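**Student:** Below is model.cif; it holds mmCIF, C-alpha atoms and all ligand atoms.
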data_final
loop_
_atom_site.label_atom_id
_atom_site.label_comp_id
_atom_site.auth_asym_id
_atom_site.auth_seq_id
_atom_site.Cartn_x
_atom_site.Cartn_y
_atom_site.Cartn_z
CA GLU F 91 -41.52 21.71 -72.98
CA HIS F 92 -43.37 20.88 -69.76
CA GLN F 93 -46.13 19.20 -71.77
CA LYS F 94 -43.55 17.24 -73.69
CA LEU F 95 -41.83 16.00 -70.53
CA LYS F 96 -45.18 15.05 -69.07
CA ARG F 97 -46.05 13.09 -72.19
CA ILE F 98 -42.76 11.21 -71.99
CA THR F 99 -43.35 10.43 -68.31
CA THR F 100 -46.62 8.67 -69.00
CA SER F 101 -45.71 7.08 -72.34
CA ARG F 102 -44.48 3.50 -72.44
CA ALA F 103 -40.74 2.98 -72.74
CA ALA F 104 -39.89 1.30 -76.02
CA THR F 105 -37.10 1.61 -78.55
CA LEU F 106 -37.64 2.96 -82.08
CA ASP F 107 -37.94 -0.65 -83.27
CA ASN F 108 -40.52 -1.31 -80.57
CA VAL F 109 -38.56 -3.30 -78.02
CA GLU F 110 -40.23 -2.73 -74.67
CA ILE F 111 -37.91 -1.63 -71.85
CA GLU F 112 -39.08 -1.73 -68.24
CA LEU F 113 -37.99 1.23 -66.15
CA HIS F 114 -38.28 0.72 -62.40
CA ALA F 115 -37.28 2.88 -59.46
CA ASN F 116 -34.96 2.32 -56.50
CA ILE F 117 -36.21 3.48 -53.10
CA GLU F 118 -34.91 3.59 -49.55
CA LEU F 119 -38.07 4.44 -47.59
CA PRO F 120 -41.85 4.73 -48.17
CA GLN F 121 -41.36 8.52 -48.29
CA ASP F 122 -39.72 8.05 -51.69
CA ILE F 123 -42.97 6.91 -53.32
CA PRO F 124 -44.26 10.34 -54.45
CA ALA F 125 -41.03 10.84 -56.46
CA VAL F 126 -41.48 7.36 -57.96
CA LYS F 127 -45.01 8.27 -59.05
CA LEU F 128 -43.81 11.52 -60.67
CA SER F 129 -41.03 9.68 -62.52
CA GLY F 130 -43.41 7.36 -64.36
CA ALA F 131 -41.64 4.22 -63.09
CA THR F 132 -43.74 1.08 -63.56
CA GLY F 133 -42.49 -0.67 -60.44
CA ILE F 134 -39.95 -0.72 -57.63
CA GLY F 135 -36.89 -2.66 -58.78
CA LEU F 136 -34.98 -2.20 -55.53
CA PHE F 137 -36.33 -1.30 -52.09
CA ARG F 138 -33.17 -1.02 -49.95
CA SER F 139 -34.78 -2.25 -46.73
CA GLU F 140 -31.71 -1.51 -44.60
CA PHE F 141 -32.76 2.14 -44.41
CA LEU F 142 -35.61 1.06 -42.11
CA PHE F 143 -32.93 -0.26 -39.76
CA MET F 144 -30.52 2.68 -39.89
CA ASN F 145 -30.42 5.88 -37.83
CA ARG F 146 -32.11 4.33 -34.80
CA ALA F 147 -31.00 2.60 -31.60
CA ASP F 148 -33.13 -0.55 -31.82
CA LEU F 149 -34.25 -2.91 -34.56
CA PRO F 150 -37.61 -2.33 -36.27
CA THR F 151 -40.25 -4.84 -35.14
CA GLU F 152 -42.09 -7.16 -37.52
CA ASP F 153 -45.14 -4.87 -37.38
CA GLU F 154 -43.12 -1.74 -38.11
CA GLN F 155 -41.49 -3.41 -41.09
CA PHE F 156 -44.81 -4.83 -42.26
CA GLU F 157 -46.43 -1.37 -42.19
CA ALA F 158 -43.60 0.11 -44.28
CA TYR F 159 -43.60 -2.71 -46.85
CA LYS F 160 -47.39 -2.75 -47.02
CA GLU F 161 -47.51 1.03 -47.55
CA VAL F 162 -45.20 0.70 -50.56
CA ALA F 163 -46.96 -2.41 -51.90
CA ALA F 164 -50.38 -0.76 -51.69
CA ALA F 165 -49.16 2.56 -53.14
CA MET F 166 -47.80 0.76 -56.21
CA ASN F 167 -51.22 -0.62 -57.04
CA GLY F 168 -50.27 -4.06 -58.26
CA GLN F 169 -47.04 -2.97 -59.93
CA PRO F 170 -44.04 -5.01 -58.77
CA VAL F 171 -42.31 -4.03 -55.53
CA THR F 172 -38.95 -5.74 -55.12
CA ILE F 173 -37.93 -5.72 -51.48
CA ARG F 174 -34.29 -6.51 -50.87
CA THR F 175 -33.63 -8.23 -47.57
CA LEU F 176 -31.31 -6.52 -45.13
CA ASP F 177 -28.01 -5.49 -46.74
CA VAL F 178 -25.92 -4.08 -43.91
CA GLY F 179 -22.20 -4.34 -43.24
CA ALA F 180 -19.42 -2.73 -45.26
CA ASP F 181 -20.60 0.74 -46.34
CA LYS F 182 -23.75 0.42 -44.20
CA PRO F 183 -22.65 -0.51 -40.64
CA LEU F 184 -25.36 -1.14 -38.06
CA GLY F 185 -24.42 -0.78 -34.38
CA ASP F 186 -23.22 -3.97 -32.76
CA LEU F 187 -24.83 -6.14 -35.39
CA THR F 188 -22.11 -5.63 -37.96
CA ASP F 189 -18.47 -6.47 -37.27
CA HIS F 190 -15.63 -3.98 -37.31
CA THR F 191 -13.24 -6.14 -39.25
CA LEU F 192 -10.32 -5.21 -41.43
CA ASN F 193 -12.22 -5.64 -44.70
CA PRO F 194 -15.90 -5.06 -43.96
CA ALA F 195 -16.78 -5.33 -47.65
CA LEU F 196 -15.42 -8.88 -47.56
CA GLY F 197 -16.95 -9.68 -44.19
CA ARG F 198 -20.22 -10.77 -42.67
CA ARG F 199 -22.63 -8.56 -44.55
CA ALA F 200 -25.99 -8.83 -46.32
CA ILE F 201 -27.25 -12.42 -46.75
CA ARG F 202 -24.24 -13.73 -44.82
CA LEU F 203 -25.30 -11.71 -41.80
CA CYS F 204 -28.97 -12.67 -42.16
CA LEU F 205 -28.11 -16.37 -42.32
CA SER F 206 -26.07 -16.05 -39.13
CA GLU F 207 -28.79 -14.02 -37.37
CA LEU F 208 -31.77 -16.19 -38.25
CA ALA F 209 -34.18 -14.61 -35.77
CA LEU F 210 -33.65 -11.21 -37.37
CA PHE F 211 -34.02 -12.71 -40.86
CA HIS F 212 -37.19 -14.56 -39.83
CA THR F 213 -38.76 -11.32 -38.57
CA GLN F 214 -38.01 -9.53 -41.83
CA LEU F 215 -39.22 -12.40 -44.01
CA ARG F 216 -42.50 -12.59 -42.09
CA ALA F 217 -42.97 -8.83 -42.52
CA ILE F 218 -42.28 -9.01 -46.27
CA LEU F 219 -44.56 -12.03 -46.71
CA ARG F 220 -47.37 -10.33 -44.82
CA ALA F 221 -47.02 -7.28 -47.09
CA SER F 222 -47.21 -9.55 -50.16
CA HIS F 223 -50.95 -9.90 -49.50
CA TYR F 224 -51.40 -6.18 -50.36
CA GLY F 225 -49.56 -5.89 -53.67
CA LYS F 226 -47.12 -7.56 -56.03
CA VAL F 227 -44.21 -8.01 -53.64
CA GLN F 228 -41.01 -9.81 -54.60
CA ILE F 229 -38.06 -10.81 -52.42
CA LEU F 230 -34.52 -9.92 -53.51
CA ILE F 231 -31.50 -11.53 -51.81
CA PRO F 232 -28.30 -9.43 -51.67
CA MET F 233 -24.68 -10.62 -52.02
CA LEU F 234 -25.31 -14.20 -53.03
CA CYS F 235 -22.07 -16.07 -53.56
CA ASN F 236 -22.85 -19.77 -53.52
CA LEU F 237 -25.77 -22.15 -53.86
CA THR F 238 -25.69 -23.21 -50.21
CA GLU F 239 -26.71 -19.69 -49.24
CA LEU F 240 -29.59 -20.02 -51.63
CA GLN F 241 -30.75 -23.31 -50.09
CA GLN F 242 -30.52 -21.81 -46.60
CA THR F 243 -32.46 -18.75 -47.74
CA PHE F 244 -35.22 -20.88 -49.30
CA ALA F 245 -35.43 -22.86 -46.04
CA ALA F 246 -35.77 -19.61 -44.06
CA ILE F 247 -38.54 -18.41 -46.41
CA GLU F 248 -40.36 -21.74 -46.05
CA ARG F 249 -40.11 -21.50 -42.26
CA ALA F 250 -41.53 -17.95 -42.30
CA LYS F 251 -44.37 -19.08 -44.59
CA GLY F 252 -45.09 -22.03 -42.30
CA THR F 253 -45.46 -19.86 -39.21
CA LEU F 254 -47.75 -17.44 -41.07
CA SER F 255 -49.94 -20.29 -42.31
CA ALA F 256 -50.10 -21.68 -38.76
CA ASP F 257 -51.19 -18.22 -37.54
CA ASN F 258 -53.75 -17.91 -40.37
CA ILE F 259 -52.08 -14.75 -41.66
CA PRO F 260 -52.49 -14.21 -45.41
CA TYR F 261 -49.49 -13.95 -47.77
CA ASP F 262 -48.71 -14.61 -51.41
CA ALA F 263 -47.68 -18.27 -51.44
CA ASN F 264 -46.20 -17.80 -54.92
CA ILE F 265 -44.07 -14.79 -54.04
CA ALA F 266 -41.16 -14.45 -56.47
CA VAL F 267 -37.66 -14.75 -55.08
CA GLY F 268 -34.73 -13.20 -56.94
CA GLY F 269 -31.03 -12.81 -56.30
CA MET F 270 -28.58 -9.97 -56.64
CA ILE F 271 -25.64 -10.69 -58.90
CA GLU F 272 -22.99 -8.43 -57.43
CA ILE F 273 -20.15 -10.78 -56.52
CA PRO F 274 -18.04 -11.85 -59.53
CA ALA F 275 -18.37 -15.51 -58.51
CA ALA F 276 -22.14 -15.22 -58.76
CA ALA F 277 -21.93 -13.58 -62.19
CA LEU F 278 -19.65 -16.36 -63.43
CA MET F 279 -22.21 -18.95 -62.32
CA ALA F 280 -25.27 -16.83 -63.12
CA GLN F 281 -26.85 -19.74 -64.96
CA ALA F 282 -26.96 -21.90 -61.82
CA PHE F 283 -28.54 -19.05 -59.89
CA ALA F 284 -31.00 -18.27 -62.68
CA GLU F 285 -32.16 -21.90 -62.77
CA ARG F 286 -33.07 -21.78 -59.07
CA LEU F 287 -34.46 -18.26 -58.78
CA ASP F 288 -37.39 -16.39 -60.35
CA PHE F 289 -35.28 -13.41 -61.45
CA LEU F 290 -31.82 -11.86 -61.17
CA SER F 291 -30.80 -8.28 -60.52
CA ILE F 292 -27.27 -7.10 -61.26
CA GLY F 293 -25.84 -4.82 -58.58
CA THR F 294 -23.19 -3.07 -60.61
CA ASN F 295 -22.00 -0.89 -57.70
CA ASP F 296 -20.67 -3.89 -55.83
CA LEU F 297 -19.92 -5.91 -58.95
CA ILE F 298 -17.47 -3.20 -60.04
CA GLN F 299 -16.01 -2.92 -56.54
CA TYR F 300 -15.36 -6.64 -56.22
CA THR F 301 -14.28 -7.33 -59.79
CA LEU F 302 -11.82 -4.45 -60.01
CA ALA F 303 -10.81 -4.55 -56.32
CA ILE F 304 -11.73 -0.87 -55.99
CA ASP F 305 -13.37 0.22 -52.74
CA ARG F 306 -16.48 2.03 -53.99
CA ALA F 307 -16.19 4.55 -51.13
CA ASP F 308 -12.46 5.27 -51.40
CA ASP F 309 -11.80 8.53 -53.26
CA SER F 310 -8.11 7.78 -53.67
CA VAL F 311 -8.89 4.98 -56.15
CA SER F 312 -12.13 6.32 -57.63
CA TYR F 313 -10.32 7.09 -60.92
CA LEU F 314 -10.04 3.31 -61.38
CA TYR F 315 -13.75 2.68 -60.71
CA ASN F 316 -14.68 2.06 -64.33
CA PRO F 317 -18.11 0.65 -65.25
CA LEU F 318 -16.83 0.17 -68.81
CA HIS F 319 -13.90 -2.05 -67.86
CA PRO F 320 -14.11 -4.99 -70.29
CA ALA F 321 -14.35 -7.44 -67.38
CA ILE F 322 -17.49 -5.70 -66.09
CA LEU F 323 -19.13 -5.75 -69.52
CA HIS F 324 -18.34 -9.45 -69.83
CA LEU F 325 -19.87 -10.28 -66.46
CA ILE F 326 -23.00 -8.27 -67.25
CA SER F 327 -23.28 -9.92 -70.67
CA GLN F 328 -22.77 -13.38 -69.19
CA THR F 329 -25.51 -12.76 -66.63
CA LEU F 330 -27.90 -11.52 -69.32
CA ARG F 331 -27.19 -14.65 -71.42
CA ALA F 332 -27.99 -16.83 -68.38
CA GLY F 333 -31.32 -15.03 -68.10
CA GLU F 334 -32.08 -15.63 -71.78
CA LYS F 335 -31.17 -19.31 -71.58
CA THR F 336 -33.32 -19.94 -68.53
CA GLY F 337 -36.14 -17.57 -69.48
CA LYS F 338 -35.69 -15.61 -66.25
CA PRO F 339 -35.85 -11.82 -66.20
CA VAL F 340 -32.60 -9.99 -65.42
CA SER F 341 -32.42 -6.34 -64.38
CA VAL F 342 -29.65 -3.93 -63.51
CA CYS F 343 -30.30 -1.98 -60.30
CA GLY F 344 -26.85 -0.44 -59.71
CA GLU F 345 -25.91 3.11 -60.70
CA MET F 346 -25.10 2.03 -64.26
CA ALA F 347 -28.83 1.65 -64.90
CA GLY F 348 -29.42 5.34 -64.19
CA ASP F 349 -26.65 6.72 -66.40
CA PRO F 350 -28.17 7.80 -69.75
CA LYS F 351 -24.73 7.52 -71.38
CA LEU F 352 -24.87 3.76 -70.73
CA THR F 353 -28.49 3.16 -71.73
CA ARG F 354 -27.77 2.22 -75.35
CA LEU F 355 -24.88 -0.04 -74.45
CA LEU F 356 -27.00 -1.92 -71.91
CA ILE F 357 -29.88 -2.31 -74.37
CA GLY F 358 -27.38 -3.55 -76.97
CA LEU F 359 -26.07 -6.13 -74.50
CA GLY F 360 -29.64 -7.38 -74.10
CA LEU F 361 -30.87 -5.60 -70.97
CA ARG F 362 -34.63 -5.03 -70.97
CA LYS F 363 -35.16 -4.01 -67.35
CA PHE F 364 -33.56 -1.07 -65.56
CA SER F 365 -34.00 0.10 -61.97
CA MET F 366 -32.63 3.45 -60.85
CA GLN F 367 -33.21 6.44 -58.63
CA SER F 368 -36.39 8.23 -59.69
CA ALA F 369 -34.52 11.41 -60.65
CA SER F 370 -32.69 9.59 -63.48
CA LEU F 371 -35.70 7.89 -65.00
CA LEU F 372 -36.78 10.54 -67.47
CA SER F 373 -33.35 11.03 -69.04
CA VAL F 374 -32.87 7.27 -69.37
CA LYS F 375 -36.33 7.01 -70.94
CA GLN F 376 -35.44 9.69 -73.48
CA GLN F 377 -32.43 7.59 -74.49
CA VAL F 378 -34.61 4.49 -74.81
CA LEU F 379 -37.05 6.35 -77.06
CA GLN F 380 -34.19 7.43 -79.37
CA THR F 381 -32.51 4.04 -79.60
CA HIS F 382 -32.87 1.54 -82.40
CA SER F 383 -31.98 -1.75 -80.75
CA SER F 384 -31.12 -3.75 -83.85
CA GLU F 385 -29.00 -0.94 -85.34
CA ILE F 386 -26.78 -0.70 -82.27
CA TYR F 387 -26.23 -4.44 -81.94
CA ALA F 388 -23.06 -4.69 -84.05
CA LEU F 389 -21.34 -1.80 -82.29
CA THR F 390 -22.20 -3.09 -78.82
CA GLN F 391 -20.77 -6.49 -79.77
CA LYS F 392 -17.62 -4.74 -80.91
CA ILE F 393 -17.41 -2.91 -77.57
CA LEU F 394 -17.89 -6.22 -75.77
CA LYS F 395 -15.02 -7.77 -77.73
CA THR F 396 -12.64 -4.87 -77.08
CA SER F 397 -10.13 -5.74 -74.38
CA ASP F 398 -8.40 -2.36 -74.42
CA ALA F 399 -10.37 -0.17 -72.01
CA ASP F 400 -8.99 2.99 -73.65
CA LYS F 401 -10.53 2.09 -77.02
CA ILE F 402 -13.95 1.62 -75.44
CA ASP F 403 -14.41 5.36 -74.83
CA GLY F 404 -14.18 6.12 -78.56
CA LEU F 405 -16.58 3.33 -79.46
CA MET F 406 -19.00 4.51 -76.77
CA ALA F 407 -19.00 8.01 -78.28
CA ARG F 408 -19.85 6.48 -81.66
CA LEU F 409 -22.59 4.37 -80.14
CA ASN F 410 -24.23 7.34 -78.44
CA GLN F 411 -24.07 9.50 -81.56
CA SER F 412 -25.45 6.84 -83.92
C1 LIG F 501 -25.32 -2.50 -56.10
O1 LIG F 501 -24.43 -3.02 -55.42
O2 LIG F 501 -25.19 -2.19 -57.29
C2 LIG F 501 -26.65 -2.22 -55.51
C3 LIG F 501 -27.68 -1.91 -56.27
O3 LIG F 501 -26.80 -2.28 -54.17
P1 LIG F 501 -26.13 -1.25 -53.12
O4 LIG F 501 -25.69 -0.04 -53.89
O5 LIG F 501 -27.21 -0.95 -52.12
O6 LIG F 501 -25.01 -2.05 -52.57
MG MG F 502 -24.79 -3.94 -53.51
#
Could you quickly redo this structure as structure tokens?
**Tutor:**
Amino acid sequence: EHQKLKRITTSRAATLDNVEIELHANIELPQDIPAVKLSGATGIGLFRSEFLFMNRADLPTEDEQFEAYKEVAAAMNGQPVTIRTLDVGADKPLGDLTDHTLNPALGRRAIRLCLSELALFHTQLRAILRASHYGKVQILIPMLCNLTELQQTFAAIERAKGTLSADNIPYDANIAVGGMIEIPAAALMAQAFAERLDFLSIGTNDLIQYTLAIDRADDSVSYLYNPLHPAILHLISQTLRAGEKTGKPVSVCGEMAGDPKLTRLLIGLGLRKFSMQSASLLSVKQQVLQTHSSEIYALTQKILKTSDADKIDGLMARLNQS
């Protein structure tokens, strides 16, 4: 059994009909890398950089951030490392930096906060760019909602690049920049985002929260937090179509990606790239290896067309038994 698990860990992830599926890991800190290595992940799909900022009184300096990003980039040996820029606010408050407003999830968080605290953003972008010299680093922007934010973000990246060039500090001038699709508005206009970005990553945790108006941290409504709500499946499908049309890769990095009961459905909807906590990777891979992508297509389309959430459960059971 141990040998078998080990073989699965190192084997490539492909369906029975040989469709390659990329399985990446989510991390919070460089300390998570050994678990990533054990899991057999072929990259970091989501490095939640805010954990470098949490549980301390001051902000991490550019050098501190650079060392952490570089450590991860170097450890991954040329495999992609997707560093998400600071995503604080809402469920991740940070001292005086984040506001204590009535609806923090709808407030000044993530990219909104970075674009209103440009010095802080500049420091992080310089640190990420410097690390890009030591591995295949990618930048991921959280909570995008409109194209103006994207323009402002590109301008901030250009400014950071300019100062590094002026200082003769090496960085990857072609660093890929991707955006999180986790606000329903962004999913609805995924095509416009895909045209302007190098890749998209669907944050289903927030996408579910904002689409269904269910606070992801509120136990009293958790029974309504349903990843299989038809509206969620539509938004995921629409985002995947935008990726296909524009030729840009789309991944899912929310919890849905790590749930083996959803692996087949997501493959059927067209997902080819998953990022999850390392501990889930092996069970998701086992599902991938047992899935025939063309045989499940019809049933996943049927699930996508079902507007009655209660009927979806039965169809999902059929899908996972097929
Ligand atoms: C998400 O929203 O799905 C996500 C991956 O980001 P986080 O859980 O950190 O908000
Ligand atoms: Mg999120």
**Student:** So which residues are near ligand LIG 501 (chain F), meaning at most 7 Å away with all atoms listed in the file counted, given back as a list in words?
**Tutor:**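 Protein and nucleic-acid residues within 7 Å of ligand LIG 501 (chain F): Arg138, Glu272, Ile292, Gly293, Thr294, Asn295, Asp296, Leu297, Cys343, Gly344 and Glu345 of chain F.
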**Student:** For ligand MG 502 (chain F), which residue out of F:Ala246, F:Ile231, F:Ala284, F:Leu361 is the nearest one, using only C-alpha atoms and all ligand atoms?
**Tutor:**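 Among the listed residues, F:Ile231 lies closest to ligand MG 502 (chain F).
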**Student:** Measuring atom to atom with all atoms listed in the file, identify which of F:Ser291, F:Thr243, F:Asn167, F:Thr213 is nearest to ligand MG 502 (chain F).
**Tutor:**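 Looking only at the distances to ligand MG 502 (chain F), the closest residue turns out to be F:Ser291.
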**Student:** List the neighbours of region 323-327 of chain F out to 8 Å using all atoms listed in the file; skip same-chain residues closer than 4 positions along the sequence, and give me the result as a ChimeraX atom specification.
**Tutor:** /F:274,277-278,292,317-319,331,359-360,394
**Student:** Filtering to C-alpha atoms, could you give me those residues as a CSV table (one decimal), keeping the file's coordinate frame?
**Tutor:**
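Saved file again09.csv follows:
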chain,number,residue,atom,x,y,z
F,274,PRO,CA,-18.0,-11.8,-59.5
F,277,ALA,CA,-21.9,-13.6,-62.2
F,278,LEU,CA,-19.6,-16.4,-63.4
F,292,ILE,CA,-27.3,-7.1,-61.3
F,317,PRO,CA,-18.1,0.6,-65.2
F,318,LEU,CA,-16.8,0.2,-68.8
F,319,HIS,CA,-13.9,-2.0,-67.9
F,331,ARG,CA,-27.2,-14.6,-71.4
F,359,LEU,CA,-26.1,-6.1,-74.5
F,360,GLY,CA,-29.6,-7.4,-74.1
F,394,LEU,CA,-17.9,-6.2,-75.8
**Student:** Please put the answer as JSON: centre and edge lengths, in Å with one decimal, of a box along x, y and z that encloses all listed atoms of region 357-369 of chain F plus 4 Å on each side.
**Tutor:**
{"center_x": -31.2, "center_y": 2.0, "center_z": -67.8, "size_x": 18.3, "size_y": 26.8, "size_z": 26.3}
**Student:** Could you produce a table of the residues of region 183-241 of chain F lying within 6 Å of region 248-267 of chain F, with the nearest pair of atoms per residue and their separation in Å rounded to one decimal, using all atoms listed in the file, ordered by chain and increasing residue number, as JSON lines?
**Tutor:**
{"residue": "F:Arg216", "atom": "CA", "partner": "F:Ala250", "partner_atom": "CA", "distance": 5.5}
{"residue": "F:Leu219", "atom": "CA", "partner": "F:Tyr261", "partner_atom": "CA", "distance": 5.4}
{"residue": "F:Arg220", "atom": "CA", "partner": "F:Tyr261", "partner_atom": "CA", "distance": 5.1}
{"residue": "F:Ser222", "atom": "CA", "partner": "F:Asp262", "partner_atom": "CA", "distance": 5.4}
{"residue": "F:His223", "atom": "CA", "partner": "F:Tyr261", "partner_atom": "CA", "distance": 4.6}
{"residue": "F:Gln228", "atom": "CA", "partner": "F:Ala266", "partner_atom": "CA", "distance": 5.0}
{"residue": "F:Ile229", "atom": "CA", "partner": "F:Val267", "partner_atom": "CA", "distance": 4.8}
{"residue": "F:Leu230", "atom": "CA", "partner": "F:Val267", "partner_atom": "CA", "distance": 6.0}
**Student:** Measuring atom to atom with all atoms listed in the file, identify which of F:Val311, F:Leu184, F:Leu302, F:Cys235 is nearest to Ala280 (chain F).
**Tutor:**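 For Ala280 (chain F), the nearest of the given residues is F:Cys235.
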**Student:** Select, from F:Ile298, F:Leu113, F:Ala147, F:Ile218, the residue with the minimum atom-to-atom distance to ligand MG 502 (chain F), counting only C-alpha atoms and all ligand atoms.
**Tutor:**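 For ligand MG 502 (chain F), the nearest of the given residues is F:Ile298.
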**Student:** With all atoms listed in the file as the counted atoms, please give the residues lying no more than 9 Å from Leu389 (chain F), apart from itself and same-chain residues fewer than 2 positions off, as a PyMOL selection string.
**Tutor:** chain F and resi 355+358+385-387+391-394+405-406+408-409
**Student:** Point out the residue among F:Gly225, F:Ser129, F:Leu352, F:Lys363 with the least atom-to-atom distance to Ala163 (chain F), counting all atoms listed in the file.
**Tutor:**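 For Ala163 (chain F), the nearest of the candidates is F:Gly225.
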**Student:** Using all atoms listed in the file, which residue out of F:Ala195, F:Leu215, F:Leu287, F:Ile117 lies closest to ligand MG 502 (chain F)?
**Tutor:**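 Distance minimum relative to ligand MG 502 (chain F) lands on F:Ala195.
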**Student:** Mind giving me the straight-line distance from CA of Leu379 (chain F) to CA of Ala407 (chain F) in Å, one decimal?
**Tutor:**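 Separation of CA of Leu379 (chain F) and CA of Ala407 (chain F): 18.2 Å.
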**Student:** Mind checking which residues fall within 8 Å of Ser383 (chain F), counting all atoms listed in the file, ignoring those fewer than 5 positions away in the same chain, and posting them as a list in words?
**Tutor:**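 Once the nearby chain positions are removed, what remains is Thr105, Leu106, Asp107, Val109, Arg354, Ile357 and Gly358 of chain F.
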**Student:** Could you state the separation of CA of Asp177 (chain F) and CA of Phe143 (chain F) in Å, given to one decimal place?
**Tutor:** 10.0 Å
**Student:** Which value, in Å to one decimal, gives the distance between CA of Ala158 (chain F) and CA of Arg146 (chain F)?
**Tutor:**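 Spanning CA of Ala158 (chain F) to CA of Arg146 (chain F) is a straight-line distance of 15.5 Å.
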**Student:** Can you sort out region 206-226 of chain F so it carries N, CA and C atoms, written as a CSV table (one decimal), keeping the file's coordinate frame?
**Tutor:**
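As a result, result.csv now contains:
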chain,number,residue,atom,x,y,z
F,206,SER,N,-26.7,-15.8,-40.4
F,206,SER,CA,-26.1,-16.0,-39.1
F,206,SER,C,-26.9,-15.4,-38.0
F,207,GLU,N,-27.9,-14.6,-38.4
F,207,GLU,CA,-28.8,-14.0,-37.4
F,207,GLU,C,-30.2,-14.4,-37.8
F,208,LEU,N,-30.5,-15.7,-37.6
F,208,LEU,CA,-31.8,-16.2,-38.2
F,208,LEU,C,-33.0,-15.6,-37.7
F,209,ALA,N,-33.0,-15.2,-36.4
F,209,ALA,CA,-34.2,-14.6,-35.8
F,209,ALA,C,-34.5,-13.3,-36.5
F,210,LEU,N,-33.5,-12.5,-36.7
F,210,LEU,CA,-33.6,-11.2,-37.4
F,210,LEU,C,-34.2,-11.4,-38.8
F,211,PHE,N,-33.6,-12.4,-39.5
F,211,PHE,CA,-34.0,-12.7,-40.9
F,211,PHE,C,-35.5,-13.2,-40.9
F,212,HIS,N,-35.8,-14.0,-39.9
F,212,HIS,CA,-37.2,-14.6,-39.8
F,212,HIS,C,-38.2,-13.4,-39.7
F,213,THR,N,-37.9,-12.5,-38.8
F,213,THR,CA,-38.8,-11.3,-38.6
F,213,THR,C,-39.0,-10.5,-39.9
F,214,GLN,N,-37.9,-10.3,-40.6
F,214,GLN,CA,-38.0,-9.5,-41.8
F,214,GLN,C,-38.8,-10.3,-42.9
F,215,LEU,N,-38.5,-11.6,-43.0
F,215,LEU,CA,-39.2,-12.4,-44.0
F,215,LEU,C,-40.7,-12.5,-43.7
F,216,ARG,N,-41.1,-12.6,-42.4
F,216,ARG,CA,-42.5,-12.6,-42.1
F,216,ARG,C,-43.1,-11.3,-42.5
F,217,ALA,N,-42.4,-10.2,-42.2
F,217,ALA,CA,-43.0,-8.8,-42.5
F,217,ALA,C,-43.2,-8.7,-44.0
F,218,ILE,N,-42.2,-9.1,-44.8
F,218,ILE,CA,-42.3,-9.0,-46.3
F,218,ILE,C,-43.4,-9.9,-46.8
F,219,LEU,N,-43.5,-11.1,-46.3
F,219,LEU,CA,-44.6,-12.0,-46.7
F,219,LEU,C,-45.9,-11.5,-46.4
F,220,ARG,N,-46.1,-10.9,-45.2
F,220,ARG,CA,-47.4,-10.3,-44.8
F,220,ARG,C,-47.7,-9.2,-45.8
F,221,ALA,N,-46.8,-8.4,-46.2
F,221,ALA,CA,-47.0,-7.3,-47.1
F,221,ALA,C,-47.4,-7.8,-48.5
F,222,SER,N,-47.0,-9.0,-48.8
F,222,SER,CA,-47.2,-9.6,-50.2
F,222,SER,C,-48.7,-9.8,-50.4
F,223,HIS,N,-49.5,-9.8,-49.3
F,223,HIS,CA,-51.0,-9.9,-49.5
F,223,HIS,C,-51.6,-8.6,-50.1
F,224,TYR,N,-50.8,-7.5,-50.0
F,224,TYR,CA,-51.4,-6.2,-50.4
F,224,TYR,C,-50.8,-5.6,-51.7
F,225,GLY,N,-50.1,-6.4,-52.4
F,225,GLY,CA,-49.6,-5.9,-53.7
F,225,GLY,C,-48.7,-7.0,-54.3
F,226,LYS,N,-48.0,-6.6,-55.4
F,226,LYS,CA,-47.1,-7.6,-56.0
F,226,LYS,C,-45.7,-7.5,-55.5
